[in-house]
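Enquirer: Have a peek at my_file14.cif (mmCIF, C-alpha atoms).
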data_entry
loop_
_atom_site.group_PDB
_atom_site.id
_atom_site.type_symbol
_atom_site.label_atom_id
_atom_site.label_comp_id
_atom_site.auth_asym_id
_atom_site.auth_seq_id
_atom_site.Cartn_x
_atom_site.Cartn_y
_atom_site.Cartn_z
ATOM 1 C CA MET A 1 17.895 78.677 -47.913
ATOM 2 C CA PRO A 2 16.638 81.192 -45.316
ATOM 3 C CA LEU A 3 13.516 79.031 -44.878
ATOM 4 C CA ALA A 4 15.483 75.995 -43.663
ATOM 5 C CA PRO A 5 15.970 77.254 -40.072
ATOM 6 C CA LEU A 6 12.310 78.304 -39.954
ATOM 7 C CA ALA A 7 11.191 74.836 -41.102
ATOM 8 C CA TRP A 8 13.388 73.233 -38.419
ATOM 9 C CA LEU A 9 11.926 75.440 -35.681
ATOM 10 C CA THR A 10 8.345 74.646 -36.698
ATOM 11 C CA GLY A 11 8.954 70.900 -36.644
ATOM 12 C CA PHE A 12 9.079 70.146 -40.362
ATOM 13 C CA ARG A 13 11.693 67.536 -41.234
ATOM 14 C CA ARG A 14 12.644 66.086 -44.593
ATOM 15 C CA VAL A 15 13.246 62.343 -44.811
ATOM 16 C CA PRO A 16 15.344 61.344 -47.860
ATOM 17 C CA ASP A 17 13.882 59.116 -50.588
ATOM 18 C CA ASN A 18 14.153 55.338 -49.987
ATOM 19 C CA SER A 19 14.743 56.011 -46.289
ATOM 20 C CA VAL A 20 12.892 56.074 -42.991
ATOM 21 C CA VAL A 21 13.667 57.815 -39.728
ATOM 22 C CA THR A 22 12.590 56.702 -36.266
ATOM 23 C CA VAL A 23 10.910 59.173 -33.928
ATOM 24 C CA HIS A 24 11.528 58.936 -30.185
ATOM 25 C CA ARG A 25 9.710 60.925 -27.519
ATOM 26 C CA PHE A 26 11.132 60.895 -23.986
ATOM 27 C CA GLY A 27 13.457 58.076 -25.080
ATOM 28 C CA ARG A 28 10.665 55.767 -26.302
ATOM 29 C CA PHE A 29 9.974 54.775 -29.888
ATOM 30 C CA ILE A 30 6.851 56.488 -31.253
ATOM 31 C CA ARG A 31 6.779 55.857 -35.006
ATOM 32 C CA ALA A 32 8.752 55.633 -38.226
ATOM 33 C CA LEU A 33 8.642 58.521 -40.685
ATOM 34 C CA GLY A 34 8.589 57.692 -44.384
ATOM 35 C CA PRO A 35 10.179 59.713 -47.205
ATOM 36 C CA GLY A 36 9.148 63.319 -47.792
ATOM 37 C CA TRP A 37 8.387 66.313 -45.611
ATOM 38 C CA ARG A 38 7.060 65.291 -42.197
ATOM 39 C CA TRP A 39 5.981 67.246 -39.144
ATOM 40 C CA THR A 40 7.258 66.438 -35.645
ATOM 41 C CA LEU A 41 6.705 68.086 -32.286
ATOM 42 C CA PRO A 42 9.563 70.553 -31.847
ATOM 43 C CA GLY A 43 11.523 69.999 -28.661
ATOM 44 C CA LEU A 44 9.764 66.720 -27.815
ATOM 45 C CA ASP A 45 10.456 64.438 -30.763
ATOM 46 C CA GLN A 46 13.997 63.186 -31.298
ATOM 47 C CA LEU A 47 14.848 61.769 -34.721
ATOM 48 C CA GLY A 48 17.117 58.790 -35.301
ATOM 49 C CA GLN A 49 19.481 58.406 -38.217
ATOM 50 C CA PRO A 50 17.980 57.797 -41.673
ATOM 51 C CA VAL A 51 17.840 54.092 -42.531
ATOM 52 C CA CYS A 52 17.889 53.026 -46.170
ATOM 53 C CA LEU A 53 15.026 50.702 -47.112
ATOM 54 C CA ILE A 54 16.930 48.791 -49.802
ATOM 55 C CA GLY A 55 20.400 47.453 -50.426
ATOM 56 C CA HIS A 56 21.497 46.087 -47.037
ATOM 57 C CA HIS A 57 24.419 43.639 -47.053
ATOM 58 C CA LEU A 58 25.821 41.715 -44.080
ATOM 59 C CA SER A 59 28.470 39.080 -43.512
ATOM 60 C CA VAL A 60 27.637 36.796 -40.594
ATOM 61 C CA VAL A 61 29.947 34.141 -39.135
ATOM 62 C CA GLY A 62 28.222 31.273 -37.325
ATOM 63 C CA GLY A 63 29.448 29.113 -34.453
ATOM 64 C CA GLN A 64 31.209 26.457 -36.563
ATOM 65 C CA GLY A 65 32.934 28.979 -38.801
ATOM 66 C CA ILE A 66 30.095 28.949 -41.336
ATOM 67 C CA GLN A 67 30.066 32.299 -43.075
ATOM 68 C CA ALA A 68 26.971 33.694 -44.743
ATOM 69 C CA GLU A 69 26.453 36.803 -46.810
ATOM 70 C CA LEU A 70 22.938 38.194 -46.527
ATOM 71 C CA TYR A 71 21.263 40.786 -48.711
ATOM 72 C CA TYR A 72 17.999 42.136 -47.350
ATOM 73 C CA GLN A 73 15.543 44.988 -47.624
ATOM 74 C CA ILE A 74 13.007 46.625 -45.349
ATOM 75 C CA LEU A 75 9.481 46.167 -46.684
ATOM 76 C CA ASP A 76 7.413 47.613 -43.830
ATOM 77 C CA PRO A 77 9.240 49.984 -41.474
ATOM 78 C CA ALA A 78 6.254 50.173 -39.118
ATOM 79 C CA LEU A 79 6.568 46.435 -38.367
ATOM 80 C CA ALA A 80 10.299 46.758 -37.699
ATOM 81 C CA GLY A 81 9.556 49.539 -35.205
ATOM 82 C CA GLU A 82 12.320 50.514 -32.819
ATOM 83 C CA ASP A 83 14.603 47.827 -34.282
ATOM 84 C CA LEU A 84 15.156 50.193 -37.219
ATOM 85 C CA ASP A 85 17.773 52.047 -35.189
ATOM 86 C CA ASP A 86 20.002 48.942 -35.252
ATOM 87 C CA ILE A 87 18.508 46.818 -38.004
ATOM 88 C CA ASP A 88 21.748 44.990 -38.826
ATOM 89 C CA ALA A 89 21.975 43.689 -35.247
ATOM 90 C CA LEU A 90 18.444 42.294 -35.547
ATOM 91 C CA VAL A 91 19.320 40.396 -38.731
ATOM 92 C CA ILE A 92 22.531 39.016 -37.207
ATOM 93 C CA ARG A 93 20.667 37.967 -34.054
ATOM 94 C CA GLU A 94 18.124 36.053 -36.165
ATOM 95 C CA ALA A 95 20.788 34.494 -38.423
ATOM 96 C CA LEU A 96 23.136 33.102 -35.763
ATOM 97 C CA PRO A 97 20.870 30.251 -34.541
ATOM 98 C CA LEU A 98 20.363 29.103 -38.144
ATOM 99 C CA LEU A 99 24.127 29.041 -38.741
ATOM 100 C CA GLU A 100 24.842 26.686 -35.830
ATOM 101 C CA GLY A 101 24.759 23.613 -38.076
ATOM 102 C CA PRO A 102 25.370 22.954 -41.759
ATOM 103 C CA ILE A 103 22.788 24.746 -43.860
ATOM 104 C CA GLY A 104 22.372 25.538 -47.535
ATOM 105 C CA ALA A 105 21.835 28.987 -48.959
ATOM 106 C CA GLU A 106 18.219 28.358 -49.956
ATOM 107 C CA ALA A 107 17.328 26.854 -46.563
ATOM 108 C CA LEU A 108 18.955 29.823 -44.834
ATOM 109 C CA LYS A 109 16.998 32.252 -46.993
ATOM 110 C CA VAL A 110 13.695 30.493 -46.265
ATOM 111 C CA GLY A 111 14.429 30.303 -42.525
ATOM 112 C CA MET A 112 15.453 33.960 -42.357
ATOM 113 C CA ASN A 113 12.351 35.072 -44.241
ATOM 114 C CA GLN A 114 10.141 33.092 -41.870
ATOM 115 C CA GLN A 115 11.718 34.854 -38.897
ATOM 116 C CA LEU A 116 12.076 38.325 -40.384
ATOM 117 C CA GLY A 117 8.853 38.481 -42.432
ATOM 118 C CA PRO A 118 6.662 39.376 -39.431
ATOM 119 C CA LYS A 119 9.138 42.177 -38.655
ATOM 120 C CA GLY A 120 8.762 43.749 -42.094
ATOM 121 C CA LEU A 121 12.068 42.533 -43.597
ATOM 122 C CA ARG A 122 12.872 40.219 -46.494
ATOM 123 C CA VAL A 123 16.127 38.450 -47.333
ATOM 124 C CA ILE A 124 16.502 38.665 -51.081
ATOM 125 C CA ARG A 125 19.733 36.749 -51.520
ATOM 126 C CA CYS A 126 22.199 34.805 -49.416
ATOM 127 C CA ARG A 127 25.396 32.886 -49.929
ATOM 128 C CA VAL A 128 26.886 30.340 -47.556
ATOM 129 C CA ALA A 129 30.594 29.551 -47.541
#
Starting from the coordinates I provided, produce the structure as structure tokens.

Expert:
Amino acid sequence: MPLAPLAWLTGFRRVPDNSVVTVHRFGRFIRALGPGWRWTLPGLDQLGQPVCLIGHHLSVVGGQGIQAELYYQILDPALAGEDLDDIDALVIREALPLLEGPIGAEALKVGMNQQLGPKGLRVIRCRVA
């Protein structure tokens, strides 16, 4: 364990498996780090919290009281970019317009995937109540 402080000082960071971490320099998003040992610029690069790539679950309530449960995963963290820091808010923001009127689970899933696909996310299951 005596090598851990040395690794931190030299800029080596470990990203857990099935996770990504955002890198910010001077407050601006630079890149997303994938799993494994990664090198960052010590003192300049700030790391965000690790974000799991799989197994996200959200409950979203629409305008007319329509409630949807969404299960999604992150396919391409680079496309999600700085939205990785608050990925749940992005999914909720994209889901709310679709929940304004009556919608079925399959239609919601297709609509969400059309909106979130270019951002590197995929809804794998949803339920509307």

Enquirer: From the set A:Gly101, A:Gln73, A:Arg31, A:Gly11, which residue has the shortest atom-to-atom contact distance to Gly120 in chain A, counting all atoms listed in the file?

Expert: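 Between A:Gly101, A:Gln73, A:Arg31, A:Gly11, the residue approaching Gly120 in chain A most closely is A:Gln73.
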
Enquirer: Once the PyMOL selection byres ((chain A and resi 22) around 8) has been evaluated on this model, what residues remain selected, and can you format them as a list in words?

Expert: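 In the shown coordinates, the PyMOL selection byres ((chain A and resi 22) around 8) covers Val20, Val21, Val23, His24, Phe29, Ile30, Arg31, Ala32, Leu33, Leu47, Gly48, Gln49, Pro50, Gly81, Glu82, Leu84 and Asp85 of chain A.
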
Enquirer: Which residue, A:Pro102, A:Gly34, A:Gly62, A:Gly27, has the smallest gap to Gln46 in chain A when you use only C-alpha atoms?

Expert: A:Gly27

Enquirer: Just give me the gap between CA of Thr10 in chain A and CA of Val51 in chain A in Å, one decimal is fine.

Expert: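 Rounded to one decimal, the two atoms are 23.4 Å apart.
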
Enquirer: Could you jot down the CA of Thr40 in chain A to CA of Arg13 in chain A separation for me, Å, one decimal place?

Expert: 7.2 Å
